[in-house]
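Structure file my_file-v4.csv; described as CSV, C-alpha atoms and all ligand atoms.
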```csv
chain,number,residue,atom,x,y,z
A,986,MET,CA,92.1,157.1,121.1
A,987,GLN,CA,89.7,154.2,121.7
A,988,LEU,CA,90.0,152.8,118.2
A,989,GLY,CA,93.8,152.8,118.3
A,990,LEU,CA,93.8,150.9,121.6
A,991,ALA,CA,91.3,148.5,120.4
A,992,ALA,CA,93.3,147.7,117.3
A,993,GLN,CA,96.4,147.0,119.5
A,994,ASP,CA,94.3,144.7,121.8
A,995,GLY,CA,92.9,142.9,118.7
A,996,ARG,CA,89.4,143.3,120.3
A,997,ILE,CA,86.4,144.4,118.3
A,998,VAL,CA,84.9,147.6,119.6
A,999,ALA,CA,81.2,148.1,119.2
A,1000,SER,CA,81.3,151.9,119.0
A,1001,ASP,CA,83.8,152.7,116.3
A,1002,ASP,CA,82.5,156.2,115.6
A,1003,GLY,CA,84.7,156.5,112.5
A,1004,LEU,CA,82.6,153.9,110.7
A,1005,THR,CA,79.8,156.5,110.0
A,1006,ALA,CA,82.4,158.8,108.4
A,1007,PRO,CA,82.2,159.4,104.6
A,1008,LEU,CA,85.0,156.9,104.3
A,1009,ALA,CA,86.4,154.5,106.8
A,1010,VAL,CA,89.0,151.8,106.0
A,1011,ARG,CA,89.9,149.2,108.6
A,1012,GLY,CA,92.6,146.6,108.6
A,1013,LEU,CA,92.9,146.7,104.8
A,1014,THR,CA,95.4,144.4,103.2
A,1015,VAL,CA,95.8,144.1,99.5
A,1016,THR,CA,98.3,141.9,97.7
A,1017,TYR,CA,98.9,141.5,94.0
A,1018,GLY,CA,101.6,138.9,94.3
A,1019,GLU,CA,103.2,137.8,97.5
A,1020,LYS,CA,104.3,141.2,98.9
A,1021,PRO,CA,101.4,143.2,100.2
A,1022,ALA,CA,100.7,146.5,98.5
A,1023,LEU,CA,98.7,147.6,101.5
A,1024,PHE,CA,99.0,146.0,104.9
A,1025,ALA,CA,96.4,146.3,107.8
A,1026,LEU,CA,95.7,149.9,106.8
A,1027,ASP,CA,93.3,152.0,108.9
A,1028,ALA,CA,92.2,155.4,107.7
A,1029,THR,CA,89.2,157.7,108.2
A,1030,PHE,CA,88.2,160.6,106.0
A,1031,ASP,CA,85.9,163.3,107.4
A,1032,ALA,CA,83.1,165.2,105.8
A,1033,GLY,CA,83.7,168.8,104.6
A,1034,ALA,CA,87.4,168.3,104.4
A,1035,MET,CA,90.1,167.9,101.8
A,1036,SER,CA,92.5,165.1,102.6
A,1037,ALA,CA,95.7,164.3,100.9
A,1038,ILE,CA,97.1,160.7,100.6
A,1039,ILE,CA,100.8,161.0,100.6
A,1040,GLY,CA,103.6,158.5,100.2
A,1041,PRO,CA,106.5,157.5,97.9
A,1042,ASN,CA,106.0,155.6,94.6
A,1043,GLY,CA,104.7,152.2,95.2
A,1044,ALA,CA,103.4,153.1,98.7
A,1045,GLY,CA,99.9,151.7,97.8
A,1046,LYS,CA,98.1,155.1,97.3
A,1047,SER,CA,96.4,154.1,94.0
A,1048,THR,CA,95.7,150.7,95.4
A,1049,LEU,CA,93.9,152.2,98.3
A,1050,LEU,CA,91.5,154.1,96.0
A,1051,LYS,CA,91.0,151.0,93.9
A,1052,ALA,CA,90.2,148.9,96.9
A,1053,VAL,CA,87.7,151.4,98.1
A,1054,LEU,CA,86.0,151.3,94.7
A,1055,GLY,CA,86.0,147.5,94.5
A,1056,MET,CA,88.4,147.5,91.5
A,1057,VAL,CA,90.8,145.3,93.5
A,1058,THR,CA,89.7,142.8,96.1
A,1059,PRO,CA,91.3,143.0,99.5
A,1060,VAL,CA,92.7,140.0,101.2
A,1061,SER,CA,91.2,141.3,104.5
A,1062,GLY,CA,89.8,144.4,106.0
A,1063,THR,CA,86.7,146.5,105.6
A,1064,VAL,CA,85.7,149.7,103.8
A,1065,HIS,CA,82.6,151.6,105.0
A,1066,ALA,CA,81.2,154.8,103.4
A,1067,TYR,CA,78.6,156.8,105.2
A,1068,GLY,CA,78.1,154.0,107.6
A,1069,GLN,CA,77.5,151.3,105.1
A,1070,PRO,CA,79.6,148.7,103.3
A,1071,VAL,CA,81.1,150.7,100.5
A,1072,ARG,CA,79.6,148.5,97.7
A,1073,GLU,CA,76.1,149.7,98.9
A,1074,VAL,CA,77.0,153.3,98.3
A,1075,LEU,CA,79.2,153.4,95.2
A,1076,ASP,CA,76.8,155.8,93.5
A,1077,ARG,CA,77.8,158.4,96.1
A,1078,ILE,CA,81.5,158.1,95.2
A,1079,ALA,CA,83.1,159.8,92.2
A,1080,TYR,CA,86.6,158.7,91.0
A,1081,VAL,CA,89.1,160.6,88.8
A,1082,PRO,CA,91.8,158.0,87.9
A,1083,GLN,CA,95.4,158.9,87.2
A,1084,ARG,CA,95.3,160.4,83.8
A,1085,ALA,CA,98.2,158.4,82.5
A,1086,THR,CA,96.2,155.2,83.1
A,1087,VAL,CA,93.4,156.3,80.8
A,1088,ASP,CA,93.5,155.5,77.1
A,1089,TRP,CA,91.6,158.1,75.1
A,1090,ASP,CA,92.6,157.1,71.6
A,1091,PHE,CA,89.1,156.0,70.7
A,1092,PRO,CA,87.0,159.0,69.5
A,1093,THR,CA,84.8,160.5,72.2
A,1094,ARG,CA,83.6,164.0,72.4
A,1095,VAL,CA,84.1,166.0,75.6
A,1096,ILE,CA,80.4,166.3,76.3
A,1097,ASP,CA,80.0,162.6,76.0
A,1098,VAL,CA,82.7,162.0,78.6
A,1099,VAL,CA,80.9,164.2,81.0
A,1100,LEU,CA,77.6,162.5,80.3
A,1101,MET,CA,79.3,159.2,81.2
A,1102,GLY,CA,79.3,160.6,84.8
A,1103,MET,CA,75.5,160.3,84.7
A,1104,ALA,CA,75.5,156.7,83.4
A,1105,ARG,CA,73.5,155.4,86.4
A,1106,GLU,CA,70.6,157.8,85.9
A,1107,LEU,CA,70.7,157.5,82.1
A,1108,GLY,CA,70.1,153.8,82.5
A,1109,LEU,CA,70.9,151.1,80.0
A,1110,LEU,CA,69.3,152.9,77.1
A,1111,ARG,CA,71.5,155.9,77.6
A,1112,ARG,CA,68.6,158.2,76.6
A,1113,VAL,CA,70.1,161.7,76.9
A,1114,ARG,CA,67.6,164.5,77.4
A,1115,GLN,CA,68.2,168.2,77.1
A,1116,ASP,CA,68.3,168.7,80.9
A,1117,HIS,CA,71.1,166.1,81.0
A,1118,ARG,CA,73.0,168.0,78.3
A,1119,ASP,CA,72.4,171.3,80.2
A,1120,ARG,CA,73.8,169.8,83.4
A,1121,ALA,CA,76.8,168.4,81.6
A,1122,MET,CA,77.5,171.8,80.1
A,1123,ALA,CA,77.1,173.4,83.6
A,1124,CYS,CA,79.8,171.0,84.8
A,1125,LEU,CA,82.1,172.0,81.9
A,1126,VAL,CA,81.5,175.6,82.8
A,1127,ARG,CA,82.6,174.9,86.4
A,1128,VAL,CA,86.0,173.6,85.1
A,1129,GLY,CA,86.3,176.3,82.4
A,1130,MET,CA,85.9,173.8,79.5
A,1131,GLU,CA,82.5,174.8,78.1
A,1132,HIS,CA,84.1,175.9,74.8
A,1133,PHE,CA,85.5,172.4,74.2
A,1134,ALA,CA,82.3,170.4,74.5
A,1135,GLU,CA,82.3,169.1,70.9
A,1136,ARG,CA,86.1,168.4,70.7
A,1137,GLN,CA,87.5,164.9,70.8
A,1138,ILE,CA,89.0,164.2,74.2
A,1139,GLY,CA,92.1,162.8,72.6
A,1140,GLN,CA,92.9,166.1,71.1
A,1141,LEU,CA,93.1,168.0,74.4
A,1142,SER,CA,96.2,168.8,76.4
A,1143,GLY,CA,96.8,166.8,79.6
A,1144,GLY,CA,95.5,169.7,81.7
A,1145,GLN,CA,92.3,170.0,79.6
A,1146,GLN,CA,91.7,166.3,79.9
A,1147,GLN,CA,92.0,166.4,83.6
A,1148,ARG,CA,89.5,169.2,83.8
A,1149,VAL,CA,87.1,167.1,81.7
A,1150,PHE,CA,87.5,164.2,84.1
A,1151,LEU,CA,86.7,166.4,87.0
A,1152,ALA,CA,83.6,167.6,85.1
A,1153,ARG,CA,82.5,164.0,84.6
A,1154,ALA,CA,82.9,163.5,88.4
A,1155,LEU,CA,80.9,166.6,89.1
A,1156,ALA,CA,78.1,165.4,86.7
A,1157,GLN,CA,77.7,162.3,88.9
A,1158,GLY,CA,76.6,164.5,91.8
A,1159,ALA,CA,78.6,162.4,94.3
A,1160,ASP,CA,79.2,163.2,97.9
A,1161,LEU,CA,82.7,161.6,98.1
A,1162,TYR,CA,85.4,162.5,95.5
A,1163,LEU,CA,88.5,160.3,95.1
A,1164,LEU,CA,91.2,161.8,92.8
A,1165,ASP,CA,94.4,160.1,91.9
A,1166,GLU,CA,97.2,162.6,91.3
A,1167,PRO,CA,95.0,165.1,89.5
A,1168,PHE,CA,97.8,167.7,89.3
A,1169,ALA,CA,100.4,165.4,87.7
A,1170,GLY,CA,101.5,166.8,84.4
A,1171,VAL,CA,99.0,169.7,84.3
A,1172,ASP,CA,99.7,173.4,83.8
A,1173,ALA,CA,99.5,175.9,86.6
A,1174,ALA,CA,96.2,177.4,85.5
A,1175,THR,CA,94.6,173.9,85.5
A,1176,GLU,CA,96.0,173.1,88.9
A,1177,LYS,CA,94.5,176.4,90.3
A,1178,ALA,CA,91.1,175.7,88.6
A,1179,ILE,CA,90.9,172.2,90.0
A,1180,VAL,CA,91.8,173.3,93.5
A,1181,ALA,CA,89.1,175.9,93.3
A,1182,VAL,CA,86.5,173.4,92.3
A,1183,LEU,CA,87.6,170.9,95.0
A,1184,LYS,CA,87.4,173.6,97.7
A,1185,SER,CA,83.9,174.5,96.6
A,1186,LEU,CA,82.9,170.9,96.9
A,1187,ARG,CA,84.4,170.8,100.4
A,1188,ASP,CA,82.7,174.0,101.4
A,1189,SER,CA,79.3,172.4,100.4
A,1190,GLY,CA,80.0,169.5,102.7
A,1191,ARG,CA,81.4,167.0,100.3
A,1192,THR,CA,84.4,165.0,101.1
A,1193,VAL,CA,87.5,165.2,98.9
A,1194,VAL,CA,90.4,162.7,99.0
A,1195,VAL,CA,93.3,163.3,96.7
A,1196,VAL,CA,96.4,161.2,96.1
A,1197,HIS,CA,99.0,164.0,96.0
A,1198,HIS,CA,102.6,163.8,95.1
A,1199,ASP,CA,103.8,167.4,95.6
A,1200,LEU,CA,104.7,167.8,99.2
A,1201,ALA,CA,105.3,171.5,98.8
A,1202,THR,CA,101.6,172.3,98.3
A,1203,VAL,CA,100.1,169.9,100.9
A,1204,SER,CA,99.6,172.5,103.6
A,1205,THR,CA,98.1,175.1,101.3
A,1206,TYR,CA,95.6,172.7,99.6
A,1207,PHE,CA,94.6,170.3,102.3
A,1208,GLU,CA,93.3,170.3,105.9
A,1209,ARG,CA,94.2,166.7,106.6
A,1210,ALA,CA,96.8,164.2,105.4
A,1211,LEU,CA,97.2,160.4,105.5
A,1212,LEU,CA,100.9,159.4,105.2
A,1213,ILE,CA,101.3,155.8,104.0
A,1214,ASN,CA,104.0,153.4,103.0
A,1215,THR,CA,102.2,150.1,102.7
A,1216,THR,CA,100.9,150.8,106.2
A,1217,ARG,CA,99.8,154.0,107.8
A,1218,VAL,CA,102.6,156.2,109.1
A,1219,ALA,CA,100.5,159.1,110.3
A,1220,GLU,CA,97.0,160.6,109.9
A,1221,GLY,CA,95.4,163.8,111.0
A,1222,PRO,CA,95.5,167.6,110.5
A,1223,VAL,CA,98.3,168.6,108.1
A,1224,ALA,CA,99.9,170.9,110.7
A,1225,THR,CA,100.4,168.1,113.1
A,1226,VAL,CA,101.0,165.2,110.7
A,1227,LEU,CA,103.8,166.7,108.5
A,1228,THR,CA,106.8,166.5,110.7
A,1229,PRO,CA,110.5,165.6,110.0
A,1230,GLU,CA,109.9,162.3,111.8
A,1231,THR,CA,106.7,161.3,109.9
A,1232,LEU,CA,108.2,162.3,106.5
A,1233,GLN,CA,111.4,160.3,107.2
A,1234,ALA,CA,109.3,157.4,108.2
A,1235,THR,CA,107.2,157.7,105.0
A,1236,TYR,CA,110.0,158.4,102.5
A,1237,GLY,CA,113.0,157.0,104.2
A,1238,GLY,CA,116.2,158.6,103.0
A,1239,ARG,CA,114.5,159.9,99.8
A,1240,LEU,CA,113.8,163.4,101.0
A,1241,ALA,CA,116.7,165.9,101.0
A,1242,HIS,CA,117.0,168.4,103.8
A,1243,ALA,CA,116.2,171.2,101.4
A,1244,GLN,CA,112.9,169.6,100.5
A,1245,LEU,CA,112.1,169.0,104.2
A,1246,ALA,CA,112.7,172.7,104.9
A,1247,GLN,CA,110.5,173.7,102.1
A,1248,ILE,CA,107.6,171.5,103.1
A,1249,LEU,CA,107.8,172.3,106.8
A,1250,GLY,CA,108.2,176.0,106.2
B,1301,LIG,P1,101.4,154.2,94.4
B,1301,LIG,O1,100.1,154.6,93.8
B,1301,LIG,O2,101.5,154.6,95.8
B,1301,LIG,O3,102.6,154.6,93.6
B,1301,LIG,P2,100.4,151.5,93.8
B,1301,LIG,O4,99.2,151.4,94.6
B,1301,LIG,O5,100.2,151.8,92.4
B,1301,LIG,O6,101.4,152.6,94.5
B,1301,LIG,O7,101.3,150.2,93.9
B,1301,LIG,C1,101.6,149.6,95.1
B,1301,LIG,C2,102.5,148.4,94.9
B,1301,LIG,O8,101.7,147.4,94.2
B,1301,LIG,C3,103.7,148.7,94.0
B,1301,LIG,O9,104.7,147.8,94.4
B,1301,LIG,C4,103.2,148.2,92.6
B,1301,LIG,O10,104.3,147.8,91.8
B,1301,LIG,C5,102.3,147.1,92.9
B,1301,LIG,N1,101.2,147.0,92.0
B,1301,LIG,C6,100.2,147.9,91.7
B,1301,LIG,N2,99.3,147.5,90.8
B,1301,LIG,C7,99.7,146.3,90.4
B,1301,LIG,C8,99.2,145.3,89.6
B,1301,LIG,N3,98.1,145.5,88.8
B,1301,LIG,N4,99.8,144.1,89.5
B,1301,LIG,C9,100.9,143.8,90.3
B,1301,LIG,N5,101.5,144.7,91.1
B,1301,LIG,C10,100.9,145.9,91.2
B,1302,MG,MG,99.6,155.7,92.1
```

What would you get if you wrote out this structure as structure tokens?
Amino acid sequence: MQLGLAAQDGRIVASDDGLTAPLAVRGLTVTYGEKPALFALDATFDAGAMSAIIGPNGAGKSTLLKAVLGMVTPVSGTVHAYGQPVREVLDRIAYVPQRATVDWDFPTRVIDVVLMGMARELGLLRRVRQDHRDRAMACLVRVGMEHFAERQIGQLSGGQQQRVFLARALAQGADLYLLDEPFAGVDAATEKAIVAVLKSLRDSGRTVVVVHHDLATVSTYFERALLINTTRVAEGPVATVLTPETLQATYGGRLAHAQLAQILG
């Protein structure tokens, strides 16, 4: 591959096709202290695909999403989305953070959480019209939460909260969706509902990128996978990327043979 060779040479290649992709990360290094959380990471995410980001705890998965969104500042490297520096197109990107990191103790109704997804178009005055409300309700219908619109978000189960976060992302009308472990701690029905919504987004040409911790479901949910452990271990179609070698390289000795057998079928 041209890009791979170029990276080894250290030369800059004029025609890096990947840079027009919905998301292209090149040479991304992020450090919090001395040790890098991500090191010289390259990754490309294609349109109309669902991609999984896979790796052990502390591999830098959440950091990758945060760096894309400008929530952490990389030491070096670039992030392009749709051919532009990512900061120019943040309004085309929706983010569903890891649920555990969100504090919903303050009182907020479900419908208002979804309306937050429209913050940019509502503007500073936050003037909510009936059509905004109708669209927010339509997003709640898509995730099966329309009957909870007036409830306080803090009173919902983890799975219900996760559906509301997805509704908020839908309300934004984004083209690229970044989700951080959306299935962690949710019930089976919610997982199914979320997967169905993500697949419909993919089928309409949107790009879906999911940090995913359950190796057993990678091949049923996703077309593509990025395996990382601070650096990139493998990237490509799930069928070619999930091998005993790449999984060992990503997880070290942490995967039992039984797990490997289950993942690889
Ligand atoms: P993952 O999502 O793959 O579990 P993270 O991206 O959250 O990994 O973290 C990668 C590494 O960076 C870990 O070693 C983690 O402890 C460290 N880290 C993450 N966030 C911070 C932070 N805000 N301050 C200091 N270190 C952090
Ligand atoms: Mg994480």

### Message
Env of Gly1102 of chain A: 6 Å cut, atoms = all atoms listed in the file, seq-sep filter 6 positions within chain, self excluded. Answer as a ChimeraX atom specification.
### Response
/A:1153-1154,1156-1157

### Message
Taking only C-alpha atoms and all ligand atoms and a cut-off of 12 Å, can you tell me which residues surround ligand MG 1302 (chain B), written as a ChimeraX atom specification?
### Response
/A:1022,1038-1051,1082-1086,1164-1167,1169,1195-1198,1214

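Shell of Gly1221 of chain A at 8 Å, with all atoms listed in the file counted and residues fewer than 2 places along the chain excluded, is Arg1209, Ala1210, Leu1211, Ala1219, Val1223, Thr1225 and Val1226 of chain A.
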
### Summary
Min atom-atom distance to Gly1033 of chain A from the set A:Pro1070, A:Gly1158, A:Gly1190, A:Pro1059, counting all atoms listed in the file, belongs to A:Gly1190

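One finds atom CA of Thr1192 of chain A at 8.7 Å from atom CA of Leu1163 of chain A.
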
### Query
In Å, how far is it from atom CA of Arg1187 of chain A to atom CA of Gly1012 of chain A?
26.8 Å

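Nearest residue to Val1064 of chain A, choosing from A:Asp1088, A:Thr1093, A:Leu1107, A:Thr1005 and counting all atoms listed in the file: A:Thr1005.
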
Centre, edges in Å (one decimal): axis-aligned box, ligand LIG 1301 (chain B), 3 Å padding on all six sides, as AutoDock Vina command-line options:
```
--center_x 101.4 --center_y 149.2 --center_z 92.3 --size_x 12.6 --size_y 16.8 --size_z 13.0
```

### Query
Around (92.3, 140.7, 100.1) in the file's own coordinates, what residues are found within 6 Å if you use only C-alpha atoms, given back as a VMD selection string?
chain A and resid 1014 to 1015 1058 to 1061

May I have the residues from that selection written out with C-alpha atoms, as a PDB file, keeping the file's coordinate frame?
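Output saved as result-v4.pdb:
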```
ATOM      1  CA  THR A1014      95.400 144.400 103.200  1.00  0.00           C
ATOM      2  CA  VAL A1015      95.800 144.100  99.500  1.00  0.00           C
ATOM      3  CA  THR A1058      89.700 142.800  96.100  1.00  0.00           C
ATOM      4  CA  PRO A1059      91.300 143.000  99.500  1.00  0.00           C
ATOM      5  CA  VAL A1060      92.700 140.000 101.200  1.00  0.00           C
ATOM      6  CA  SER A1061      91.200 141.300 104.500  1.00  0.00           C
TER       7      SER A1061
END
```

## Note on the structure
If you count only C-alpha atoms and all ligand atoms, the residue of A:Ala1201, A:Leu1110, A:Ala1052, A:Leu1013 closest to ligand LIG 1301 (chain B) turns out to be A:Ala1052

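Proximity to Asp1119 of chain A was assessed for A:Leu1075, A:Leu1161, A:Ala1009, A:Ile1096 counting all atoms listed in the file; the smallest distance is recorded for A:Ile1096.
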
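Take the candidates A:Arg1127, A:Val1180, A:Thr1063, A:Ser1142 and check each one against Trp1089 of chain A using only C-alpha atoms; the shortest distance goes to A:Ser1142.
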
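Of note, atom CA of Val1194 of chain A and atom CA of Phe1030 of chain A are spaced 7.6 Å apart.
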
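Here the question is which of A:Val1053, A:Ala1234, A:Leu1200, A:Val1071 gets nearest to Thr1215 of chain A using only C-alpha atoms, and that residue is A:Ala1234.
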
### Task
Can you pull out every residue within 12 Å of Arg1094 of chain A, counting all atoms listed in the file, but drop anything in the same chain fewer than 5 positions away, and send it as JSON, numbers by chain?
{"A": [1089, 1099, 1100, 1101, 1133, 1134, 1135, 1136, 1137, 1138, 1139, 1140, 1141, 1146, 1149]}

Selected residues written out, C-alpha atoms, as a PDB file, in the frame of the given file:
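Heads up, here's the output in again_29.pdb:
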```pdb
ATOM      1  CA  TRP A1089      91.600 158.100  75.100  1.00  0.00           C
ATOM      2  CA  VAL A1099      80.900 164.200  81.000  1.00  0.00           C
ATOM      3  CA  LEU A1100      77.600 162.500  80.300  1.00  0.00           C
ATOM      4  CA  MET A1101      79.300 159.200  81.200  1.00  0.00           C
ATOM      5  CA  PHE A1133      85.500 172.400  74.200  1.00  0.00           C
ATOM      6  CA  ALA A1134      82.300 170.400  74.500  1.00  0.00           C
ATOM      7  CA  GLU A1135      82.300 169.100  70.900  1.00  0.00           C
ATOM      8  CA  ARG A1136      86.100 168.400  70.700  1.00  0.00           C
ATOM      9  CA  GLN A1137      87.500 164.900  70.800  1.00  0.00           C
ATOM     10  CA  ILE A1138      89.000 164.200  74.200  1.00  0.00           C
ATOM     11  CA  GLY A1139      92.100 162.800  72.600  1.00  0.00           C
ATOM     12  CA  GLN A1140      92.900 166.100  71.100  1.00  0.00           C
ATOM     13  CA  LEU A1141      93.100 168.000  74.400  1.00  0.00           C
ATOM     14  CA  GLN A1146      91.700 166.300  79.900  1.00  0.00           C
ATOM     15  CA  VAL A1149      87.100 167.100  81.700  1.00  0.00           C
TER      16      VAL A1149
END
```
